[in-house]
$ cat work.txt   # compact mmCIF, C-alpha atoms
# COMPACT_ATOMS: atom_id res chain seq x y z
CA MET S 280 87.69 41.01 38.18
CA SER S 281 85.19 43.17 40.04
CA ASP S 282 86.15 46.19 37.94
CA GLU S 283 85.11 44.59 34.68
CA THR S 284 81.93 42.85 35.84
CA LYS S 285 78.75 44.70 34.91
CA VAL S 286 76.50 45.06 37.94
CA ASP S 287 72.74 45.12 37.37
CA LEU S 288 71.56 45.64 40.93
CA GLU S 289 73.17 46.98 44.09
CA LEU S 290 72.04 45.57 47.43
CA ASP S 291 72.87 47.18 50.74
CA LEU S 292 72.85 44.43 53.38
CA LYS S 293 74.86 46.37 55.94
CA GLY S 294 73.72 45.88 59.51
CA LEU S 295 71.61 42.82 58.68
CA LEU S 296 72.23 39.58 60.54
CA CYS S 297 71.49 35.93 59.83
CA PRO S 298 69.35 34.90 58.01
CA LEU S 299 68.56 38.22 56.36
CA PRO S 300 71.58 38.75 54.06
CA MET S 301 70.83 35.44 52.35
CA VAL S 302 67.08 36.07 52.38
CA LYS S 303 67.51 39.49 50.74
CA VAL S 304 69.73 38.09 48.01
CA SER S 305 67.14 35.41 47.39
CA GLN S 306 64.29 37.94 47.29
CA ASN S 307 66.16 40.14 44.82
CA ILE S 308 67.77 37.64 42.46
CA GLY S 309 64.57 37.55 40.40
CA LYS S 310 64.91 41.28 39.72
CA VAL S 311 67.86 40.75 37.40
CA GLU S 312 67.76 38.81 34.14
CA VAL S 313 69.40 35.38 33.88
CA GLY S 314 73.09 36.18 33.49
CA GLY S 315 72.66 39.40 35.45
CA VAL S 316 74.77 40.26 38.48
CA ILE S 317 73.91 41.58 41.93
CA ARG S 318 76.53 43.38 43.94
CA ALA S 319 75.72 42.98 47.65
CA VAL S 320 77.56 44.55 50.55
CA ALA S 321 77.10 42.99 53.99
CA THR S 322 78.65 43.48 57.41
CA ASP S 323 77.68 40.09 58.85
CA PRO S 324 80.75 37.80 58.69
CA GLY S 325 78.39 34.80 58.57
CA ALA S 326 77.32 35.91 55.10
CA MET S 327 80.73 34.78 53.79
CA ALA S 328 79.60 31.19 54.37
CA ASP S 329 75.87 31.65 53.87
CA ILE S 330 75.68 33.38 50.51
CA PRO S 331 77.91 30.83 48.73
CA ALA S 332 75.83 28.06 50.37
CA TRP S 333 72.66 29.75 49.15
CA ALA S 334 74.11 29.95 45.64
CA LYS S 335 75.08 26.29 45.66
CA SER S 336 71.62 25.28 46.84
CA THR S 337 69.73 27.44 44.35
CA GLY S 338 72.04 26.84 41.39
CA ASN S 339 73.33 30.39 41.14
CA GLU S 340 76.94 31.56 41.13
CA VAL S 341 79.04 33.69 43.45
CA LEU S 342 81.62 35.42 41.26
CA GLN S 343 83.28 37.13 44.16
CA ALA S 344 83.12 37.06 47.96
CA GLU S 345 85.64 39.45 49.39
CA LYS S 346 86.36 41.17 52.68
CA VAL S 347 86.98 44.85 52.09
CA GLY S 348 87.75 46.64 55.32
CA GLY S 349 84.90 45.79 57.66
CA GLU S 350 82.55 44.84 54.86
CA PHE S 351 81.89 41.78 52.78
CA VAL S 352 81.33 42.36 49.10
CA PHE S 353 79.61 39.77 46.94
CA LEU S 354 79.05 39.54 43.22
CA VAL S 355 76.23 37.10 42.64
CA LYS S 356 75.28 35.97 39.16
CA ARG S 357 71.80 34.73 38.38
CA VAL S 358 72.27 31.46 36.52
CA LYS S 359 68.65 30.33 36.26
CA MET T 237 63.00 27.93 40.23
CA SER T 238 64.97 24.70 40.05
CA GLU T 239 62.65 21.96 38.81
CA GLU T 240 65.06 20.78 36.18
CA GLU T 241 67.78 20.06 38.76
CA SER T 242 66.34 16.92 40.34
CA HIS T 243 63.55 17.67 42.82
CA GLN T 244 62.88 20.63 45.06
CA LYS T 245 64.45 19.98 48.45
CA SER T 246 62.15 20.15 51.44
CA LEU T 247 62.21 20.62 55.19
CA ALA T 248 59.59 19.44 57.68
CA MET T 249 59.64 20.72 61.23
CA VAL T 250 57.62 20.10 64.39
CA VAL T 251 57.49 23.19 66.59
CA MET T 252 56.40 22.02 70.01
CA SER T 253 58.22 24.63 72.05
CA GLY T 254 56.87 28.10 72.75
CA ASP T 255 60.20 29.28 74.14
CA MET T 256 61.58 32.44 72.60
CA ASP T 257 65.03 31.01 71.93
CA LYS T 258 63.70 27.85 70.31
CA LEU T 259 61.22 29.81 68.20
CA PHE T 260 64.11 31.97 67.01
CA GLY T 261 65.90 28.82 65.91
CA ALA T 262 62.80 27.47 64.21
CA PHE T 263 62.04 30.64 62.25
CA ILE T 264 65.65 31.36 61.30
CA ILE T 265 65.98 27.85 59.89
CA ALA T 266 62.59 28.10 58.16
CA THR T 267 63.28 31.46 56.52
CA GLY T 268 66.78 30.38 55.54
CA ALA T 269 65.48 27.18 53.99
CA ALA T 270 62.76 29.04 52.09
CA ALA T 271 65.37 31.49 50.79
CA MET T 272 67.47 28.54 49.63
CA GLY T 273 64.59 27.39 47.51
CA MET T 274 63.29 24.65 49.78
CA GLU T 275 59.67 23.79 50.43
CA VAL T 276 59.14 24.28 54.18
CA THR T 277 56.46 22.75 56.41
CA MET T 278 56.12 23.88 60.02
CA PHE T 279 53.75 21.86 62.21
CA PHE T 280 52.92 23.75 65.41
CA THR T 281 51.74 21.78 68.38
CA PHE T 282 51.15 22.34 72.10
CA TRP T 283 53.26 25.24 73.43
CA GLY T 284 54.26 26.10 69.89
CA LEU T 285 50.70 27.11 68.96
CA ARG T 286 51.02 30.53 70.54
CA ALA T 287 53.60 31.46 67.90
CA LEU T 288 50.73 31.48 65.38
CA LYS T 289 48.26 33.42 67.51
CA LYS T 290 47.01 36.93 67.29
CA ASN T 291 46.88 38.76 70.59
CA VAL T 292 43.39 37.54 71.44
CA SER T 293 41.99 35.62 74.41
CA THR T 294 41.06 31.98 73.88
CA GLY T 295 39.31 29.20 75.77
CA LYS T 296 35.72 28.04 76.19
CA THR T 297 35.75 26.00 79.38
CA PHE T 298 37.13 27.11 82.74
CA PHE T 299 40.48 25.37 82.18
CA GLY T 300 40.66 26.57 78.60
CA ARG T 301 40.13 30.17 79.66
CA MET T 302 42.65 29.79 82.47
CA LEU T 303 45.20 28.53 79.98
CA GLY T 304 44.27 31.42 77.70
CA LEU T 305 45.01 33.81 80.54
CA MET T 306 48.20 32.21 81.82
CA TYR T 307 49.66 31.31 78.44
CA GLY T 308 47.91 33.96 76.42
CA GLY T 309 48.88 36.76 74.11
CA ASP T 310 50.92 36.24 70.99
CA ILE T 311 54.47 35.39 69.96
CA THR T 312 55.80 38.56 71.61
CA LYS T 313 54.96 37.03 75.01
CA SER T 314 57.35 34.10 74.61
CA ASN T 315 60.03 33.79 77.26
CA PRO T 316 63.53 32.32 76.89
CA SER T 317 63.88 28.71 78.08
CA LYS T 318 66.57 29.82 80.53
CA PHE T 319 66.83 33.21 82.18
CA GLY T 320 63.06 33.60 82.31
CA PHE T 321 62.84 35.59 85.55
CA GLY T 322 59.13 36.28 85.14
CA GLY T 323 59.49 38.30 81.96
CA MET T 324 62.82 39.98 82.80
CA GLY T 325 64.71 37.57 80.57
CA ARG T 326 62.45 38.34 77.62
CA TRP T 327 63.08 42.05 78.14
CA MET T 328 66.83 41.56 78.50
CA PHE T 329 67.18 39.34 75.42
CA GLY T 330 64.93 41.70 73.50
CA LYS T 331 67.28 44.56 74.37
CA MET T 332 70.40 42.55 73.57
CA MET T 333 69.06 41.36 70.25
CA GLY T 334 67.89 44.87 69.41
CA ASN T 335 71.36 46.20 70.20
CA HIS T 336 72.85 43.65 67.82
CA ASN T 337 70.24 44.43 65.20
CA VAL T 338 68.76 40.92 65.14
CA SER T 339 65.26 40.76 63.67
CA LYS T 340 62.35 40.57 66.07
CA LEU T 341 60.78 37.14 66.42
CA ILE T 342 57.43 38.41 65.15
CA ASP T 343 59.12 39.90 62.07
CA LEU T 344 60.90 36.62 61.34
CA ARG T 345 57.60 34.77 61.57
CA ASP T 346 55.91 37.20 59.22
CA LEU T 347 58.89 37.00 56.85
CA ALA T 348 58.49 33.22 56.87
CA ILE T 349 54.88 33.61 55.73
CA ASP T 350 55.96 36.08 53.03
CA LEU T 351 58.55 33.57 51.81
CA GLY T 352 55.86 30.93 51.43
CA VAL T 353 56.63 28.76 54.45
CA ASN T 354 53.67 26.46 55.07
CA MET T 355 52.47 26.70 58.66
CA TYR T 356 49.93 24.36 60.19
CA GLY T 357 48.36 24.08 63.61
CA CYS T 358 47.99 20.61 65.10
CA GLN T 359 44.24 19.95 65.20
CA MET T 360 44.38 17.82 68.32
CA SER T 361 46.34 20.25 70.48
CA MET T 362 44.23 23.14 69.19
CA ASP T 363 41.15 21.25 70.40
CA VAL T 364 42.69 20.35 73.76
CA MET T 365 44.01 23.85 74.40
CA GLU T 366 40.85 25.47 72.96
CA ILE T 367 42.82 27.61 70.54
CA PRO T 368 40.70 27.93 67.37
CA GLN T 369 41.92 28.61 63.85
CA GLU T 370 40.23 32.04 64.04
CA SER T 371 42.74 33.08 66.71
CA PHE T 372 45.63 32.58 64.28
CA ILE T 373 47.19 35.21 62.07
CA GLY T 374 46.45 35.19 58.34
CA GLY T 375 48.58 32.89 56.22
CA VAL T 376 48.34 29.90 58.58
CA LYS T 377 46.90 26.93 56.74
CA GLU T 378 43.94 24.88 57.94
CA PRO T 379 44.80 22.51 60.84
CA VAL T 380 46.16 19.05 60.16
CA GLY T 381 47.07 15.92 62.10
CA VAL T 382 50.13 13.81 62.63
CA GLY T 383 49.50 11.75 59.49
CA PHE T 384 49.87 14.82 57.33
CA PHE T 385 53.05 15.81 59.12
CA LEU T 386 54.52 12.33 58.81
CA LEU T 387 53.85 12.25 55.09
CA LYS T 388 55.63 15.60 54.74
CA ALA T 389 58.49 14.30 56.91
CA GLN T 390 58.78 11.11 54.83
CA GLU T 391 59.14 13.18 51.69
CA ALA T 392 61.45 15.75 53.30
CA ASP T 393 65.21 15.89 52.95
CA ILE T 394 65.50 17.38 56.44
CA SER T 395 63.16 16.94 59.38
CA LEU T 396 63.50 18.65 62.73
CA PHE T 397 61.78 18.63 66.10
CA ILE T 398 62.00 21.87 68.03
$ encode --input "work.txt" --output "structure tokens"
Amino acid sequence: MSDETKVDLELDLKGLLCPLPMVKVSQNIGKVEVGGVIRAVATDPGAMADIPAWAKSTGNEVLQAEKVGGEFVFLVKRVK
Amino acid sequence: MSEEESHQKSLAMVVMSGDMDKLFGAFIIATGAAAMGMEVTMFFTFWGLRALKKNVSTGKTFFGRMLGLMYGGDITKSNPSKFGFGGMGRWMFGKMMGNHNVSKLIDLRDLAIDLGVNMYGCQMSMDVMEIPQESFIGGVKEPVGVGFFLLKAQEADISLFI
């Protein structure tokens, strides 16, 4: 699925710890249009729980949350 | 951002502690909540007031100045609630957190202000401890009392005492 999704913004969250991965996604979601997608790469395992929780709370959508090697790759879609 | 989906959720927090570890908790929760789209109120009282201060001396009376000397400085002077060791603990935790790339407390506080967290000093403890509004960093709102906090807490979905 990740291959066919068009990414509008890349976010490098590597090395950041709680709460910053979630905060950075939140600060950047406004930079893409509604329907746009952010691809974020984090190294904090906590982000696997936090970013989906953030999306649920703010009404956005996580299309993908995947562990790839030592990294966590998210596709986050701006819904509103 | 999300007016149409019921109401904006909110968090109201009393920050009474000036301990480094508890302030970390307070500011991590506050920044996280703000990022999740919540309205956040932080009410700083007693030992918590120093978290809002610039690195300036305070106090008018003898006791006030003594307090300003012994509990002076800014948020970077906060010690952990355990492992204090006269400043050694602060140094050690600072090192450990730096090694693990955790944000500095002062950066988290400033991030909270950037994210629109509403911070208030408690008027009464500011008077008692002789810590005026002018000694606070920019972005701190004018002091309020317990009535204001309680109203915010009544309306809040989450309220915390730290």
$ interface_residues --input "work.txt" --of "chain T" --to "chain S" --cutoff "12 Å" --atoms "only C-alpha atoms" --output "number ranges by chain"
T: 237-246, 260-274, 333-340, 343-344, 347-348, 350-352
$ residues_around --input "work.txt" --residues "region 283-300 of chain T" --least-positions-apart "2" --cutoff "7 Å" --atoms "all atoms listed in the file" --output "PyMOL selection string"
chain T and resi 251-254+280-281+302-304+308-311+357+365-367+371-373
$ atom_distance --input "work.txt" --atom1 "CA of Phe319 (chain T)" --atom2 "CA of Ile398 (chain T)"
18.8 Å
$ residues_around --input "work.txt" --residues "Met355 (chain T)" --least-positions-apart "4" --cutoff "7 Å" --atoms "all atoms listed in the file" --output "number ranges by chain"
T: 277-279, 376-377
$ atom_distance --input "work.txt" --atom1 "CA of Gly375 (chain T)" --atom2 "CA of Leu305 (chain T)"
24.6 Å
$ atom_distance --input "work.txt" --atom1 "CA of Gln359 (chain T)" --atom2 "CA of Gly323 (chain T)"
29.2 Å
$ residues_around --input "work.txt" --residues "region 311-320 of chain S" --least-positions-apart "2" --cutoff "9 Å" --atoms "all atoms listed in the file" --output "list of chain:residue names"
S:Thr284, S:Lys285, S:Val286, S:Asp287, S:Leu288, S:Glu289, S:Leu290, S:Asp291, S:Leu292, S:Lys293, S:Pro300, S:Val304, S:Asn307, S:Ile308, S:Gly309, S:Thr322, S:Leu342, S:Glu350, S:Phe351, S:Val352, S:Phe353, S:Leu354, S:Val355, S:Lys356, S:Arg357, S:Val358, S:Lys359
$ closest_residue --input "work.txt" --among "T:Ser314, T:Phe282, T:Leu247, T:Leu259" --to "Asp363 (chain T)" --atoms "only C-alpha atoms"
T:Phe282
$ axis_aligned_box --input "work.txt" --around "region 306-309 of chain S" --padding-each-side "6 Å" --output "lines of an AutoDock Vina configuration file"
center_x = 66.0
center_y = 38.8
center_z = 43.8
size_x = 15.5
size_y = 14.6
size_z = 18.9
$ decode --input "work.txt" --residues "region 354-367 of chain T" --atoms "all heavy atoms" --output "PDB file, in the first residue's frame"
ATOM      1  N   ASN T 354      -2.094  27.321  28.100  1.00  0.00           N
ATOM      2  CA  ASN T 354      -2.376  28.500  28.926  1.00  0.00           C
ATOM      3  C   ASN T 354      -1.779  28.315  30.308  1.00  0.00           C
ATOM      4  O   ASN T 354      -2.166  27.404  31.041  1.00  0.00           O
ATOM      5  CB  ASN T 354      -3.887  28.700  29.045  1.00  0.00           C
ATOM      6  CG  ASN T 354      -4.525  28.869  27.688  1.00  0.00           C
ATOM      7  OD1 ASN T 354      -4.219  29.818  26.970  1.00  0.00           O
ATOM      8  ND2 ASN T 354      -5.386  27.931  27.307  1.00  0.00           N
ATOM      9  N   MET T 355      -0.825  29.167  30.657  1.00  0.00           N
ATOM     10  CA  MET T 355      -0.152  29.050  31.948  1.00  0.00           C
ATOM     11  C   MET T 355      -0.493  30.256  32.813  1.00  0.00           C
ATOM     12  O   MET T 355      -0.424  31.393  32.346  1.00  0.00           O
ATOM     13  CB  MET T 355       1.360  28.992  31.746  1.00  0.00           C
ATOM     14  CG  MET T 355       1.787  27.830  30.867  1.00  0.00           C
ATOM     15  SD  MET T 355       3.568  27.641  30.892  1.00  0.00           S
ATOM     16  CE  MET T 355       3.753  26.501  29.525  1.00  0.00           C
ATOM     17  N   TYR T 356      -0.833  29.944  34.063  1.00  0.00           N
ATOM     18  CA  TYR T 356      -1.214  30.991  35.009  1.00  0.00           C
ATOM     19  C   TYR T 356      -0.459  30.806  36.313  1.00  0.00           C
ATOM     20  O   TYR T 356      -0.319  29.690  36.803  1.00  0.00           O
ATOM     21  CB  TYR T 356      -2.703  30.906  35.347  1.00  0.00           C
ATOM     22  CG  TYR T 356      -3.631  31.036  34.165  1.00  0.00           C
ATOM     23  CD1 TYR T 356      -3.981  29.906  33.437  1.00  0.00           C
ATOM     24  CD2 TYR T 356      -4.139  32.271  33.786  1.00  0.00           C
ATOM     25  CE1 TYR T 356      -4.839  30.008  32.347  1.00  0.00           C
ATOM     26  CE2 TYR T 356      -4.992  32.376  32.697  1.00  0.00           C
ATOM     27  CZ  TYR T 356      -5.346  31.247  31.983  1.00  0.00           C
ATOM     28  OH  TYR T 356      -6.186  31.345  30.910  1.00  0.00           O
ATOM     29  N   GLY T 357      -0.012  31.909  36.901  1.00  0.00           N
ATOM     30  CA  GLY T 357       0.492  31.869  38.260  1.00  0.00           C
ATOM     31  C   GLY T 357      -0.663  32.042  39.225  1.00  0.00           C
ATOM     32  O   GLY T 357      -1.648  32.712  38.909  1.00  0.00           O
ATOM     33  N   CYS T 358      -0.551  31.411  40.390  1.00  0.00           N
ATOM     34  CA  CYS T 358      -1.544  31.566  41.455  1.00  0.00           C
ATOM     35  C   CYS T 358      -1.243  32.875  42.173  1.00  0.00           C
ATOM     36  O   CYS T 358      -0.170  33.050  42.754  1.00  0.00           O
ATOM     37  CB  CYS T 358      -1.451  30.375  42.407  1.00  0.00           C
ATOM     38  SG  CYS T 358      -2.115  30.684  44.040  1.00  0.00           S
ATOM     39  N   GLN T 359      -2.214  33.796  42.131  1.00  0.00           N
ATOM     40  CA  GLN T 359      -2.008  35.126  42.699  1.00  0.00           C
ATOM     41  C   GLN T 359      -1.594  35.058  44.170  1.00  0.00           C
ATOM     42  O   GLN T 359      -0.669  35.747  44.588  1.00  0.00           O
ATOM     43  CB  GLN T 359      -3.295  35.943  42.553  1.00  0.00           C
ATOM     44  CG  GLN T 359      -3.205  37.340  43.105  1.00  0.00           C
ATOM     45  CD  GLN T 359      -2.373  38.249  42.206  1.00  0.00           C
ATOM     46  OE1 GLN T 359      -2.783  38.582  41.108  1.00  0.00           O
ATOM     47  NE2 GLN T 359      -1.190  38.632  42.670  1.00  0.00           N
ATOM     48  N   MET T 360      -2.277  34.213  44.925  1.00  0.00           N
ATOM     49  CA  MET T 360      -2.018  34.187  46.363  1.00  0.00           C
ATOM     50  C   MET T 360      -0.594  33.712  46.663  1.00  0.00           C
ATOM     51  O   MET T 360       0.126  34.329  47.432  1.00  0.00           O
ATOM     52  CB  MET T 360      -3.058  33.293  47.060  1.00  0.00           C
ATOM     53  CG  MET T 360      -3.054  33.397  48.552  1.00  0.00           C
ATOM     54  SD  MET T 360      -1.975  32.160  49.277  1.00  0.00           S
ATOM     55  CE  MET T 360      -3.124  30.808  49.441  1.00  0.00           C
ATOM     56  N   SER T 361      -0.162  32.624  46.023  1.00  0.00           N
ATOM     57  CA  SER T 361       1.195  32.162  46.346  1.00  0.00           C
ATOM     58  C   SER T 361       2.255  33.096  45.760  1.00  0.00           C
ATOM     59  O   SER T 361       3.344  33.231  46.306  1.00  0.00           O
ATOM     60  CB  SER T 361       1.419  30.708  45.936  1.00  0.00           C
ATOM     61  OG  SER T 361       1.026  30.472  44.628  1.00  0.00           O
ATOM     62  N   MET T 362       1.935  33.783  44.675  1.00  0.00           N
ATOM     63  CA  MET T 362       2.865  34.793  44.165  1.00  0.00           C
ATOM     64  C   MET T 362       3.042  35.921  45.175  1.00  0.00           C
ATOM     65  O   MET T 362       4.160  36.409  45.393  1.00  0.00           O
ATOM     66  CB  MET T 362       2.347  35.378  42.838  1.00  0.00           C
ATOM     67  CG  MET T 362       2.444  34.419  41.661  1.00  0.00           C
ATOM     68  SD  MET T 362       1.502  34.984  40.232  1.00  0.00           S
ATOM     69  CE  MET T 362       2.409  36.457  39.773  1.00  0.00           C
ATOM     70  N   ASP T 363       1.924  36.317  45.817  1.00  0.00           N
ATOM     71  CA  ASP T 363       2.001  37.369  46.848  1.00  0.00           C
ATOM     72  C   ASP T 363       2.807  36.883  48.042  1.00  0.00           C
ATOM     73  O   ASP T 363       3.699  37.575  48.528  1.00  0.00           O
ATOM     74  CB  ASP T 363       0.592  37.765  47.313  1.00  0.00           C
ATOM     75  CG  ASP T 363      -0.172  38.524  46.229  1.00  0.00           C
ATOM     76  OD1 ASP T 363       0.479  38.940  45.243  1.00  0.00           O
ATOM     77  OD2 ASP T 363      -1.395  38.676  46.377  1.00  0.00           O
ATOM     78  N   VAL T 364       2.474  35.668  48.525  1.00  0.00           N
ATOM     79  CA  VAL T 364       3.139  35.151  49.717  1.00  0.00           C
ATOM     80  C   VAL T 364       4.640  34.989  49.471  1.00  0.00           C
ATOM     81  O   VAL T 364       5.467  35.353  50.310  1.00  0.00           O
ATOM     82  CB  VAL T 364       2.523  33.793  50.135  1.00  0.00           C
ATOM     83  CG1 VAL T 364       3.362  33.126  51.214  1.00  0.00           C
ATOM     84  CG2 VAL T 364       1.101  33.985  50.613  1.00  0.00           C
ATOM     85  N   MET T 365       4.981  34.449  48.303  1.00  0.00           N
ATOM     86  CA  MET T 365       6.387  34.158  48.025  1.00  0.00           C
ATOM     87  C   MET T 365       7.109  35.356  47.399  1.00  0.00           C
ATOM     88  O   MET T 365       8.291  35.286  47.109  1.00  0.00           O
ATOM     89  CB  MET T 365       6.498  32.919  47.135  1.00  0.00           C
ATOM     90  CG  MET T 365       5.930  31.683  47.842  1.00  0.00           C
ATOM     91  SD  MET T 365       5.866  30.232  46.787  1.00  0.00           S
ATOM     92  CE  MET T 365       7.499  29.551  47.058  1.00  0.00           C
ATOM     93  N   GLU T 366       6.367  36.454  47.205  1.00  0.00           N
ATOM     94  CA  GLU T 366       6.930  37.698  46.653  1.00  0.00           C
ATOM     95  C   GLU T 366       7.600  37.443  45.301  1.00  0.00           C
ATOM     96  O   GLU T 366       8.743  37.835  45.064  1.00  0.00           O
ATOM     97  CB  GLU T 366       7.885  38.339  47.675  1.00  0.00           C
ATOM     98  CG  GLU T 366       7.147  38.666  48.972  1.00  0.00           C
ATOM     99  CD  GLU T 366       8.055  39.208  50.078  1.00  0.00           C
ATOM    100  OE1 GLU T 366       9.226  39.505  49.803  1.00  0.00           O
ATOM    101  OE2 GLU T 366       7.563  39.334  51.220  1.00  0.00           O
ATOM    102  N   ILE T 367       6.870  36.722  44.464  1.00  0.00           N
ATOM    103  CA  ILE T 367       7.325  36.452  43.100  1.00  0.00           C
ATOM    104  C   ILE T 367       6.365  37.182  42.157  1.00  0.00           C
ATOM    105  O   ILE T 367       5.235  36.743  41.954  1.00  0.00           O
ATOM    106  CB  ILE T 367       7.317  34.928  42.814  1.00  0.00           C
ATOM    107  CG1 ILE T 367       8.274  34.220  43.771  1.00  0.00           C
ATOM    108  CG2 ILE T 367       7.690  34.648  41.360  1.00  0.00           C
ATOM    109  CD1 ILE T 367       8.237  32.700  43.658  1.00  0.00           C
TER     110      ILE T 367
END
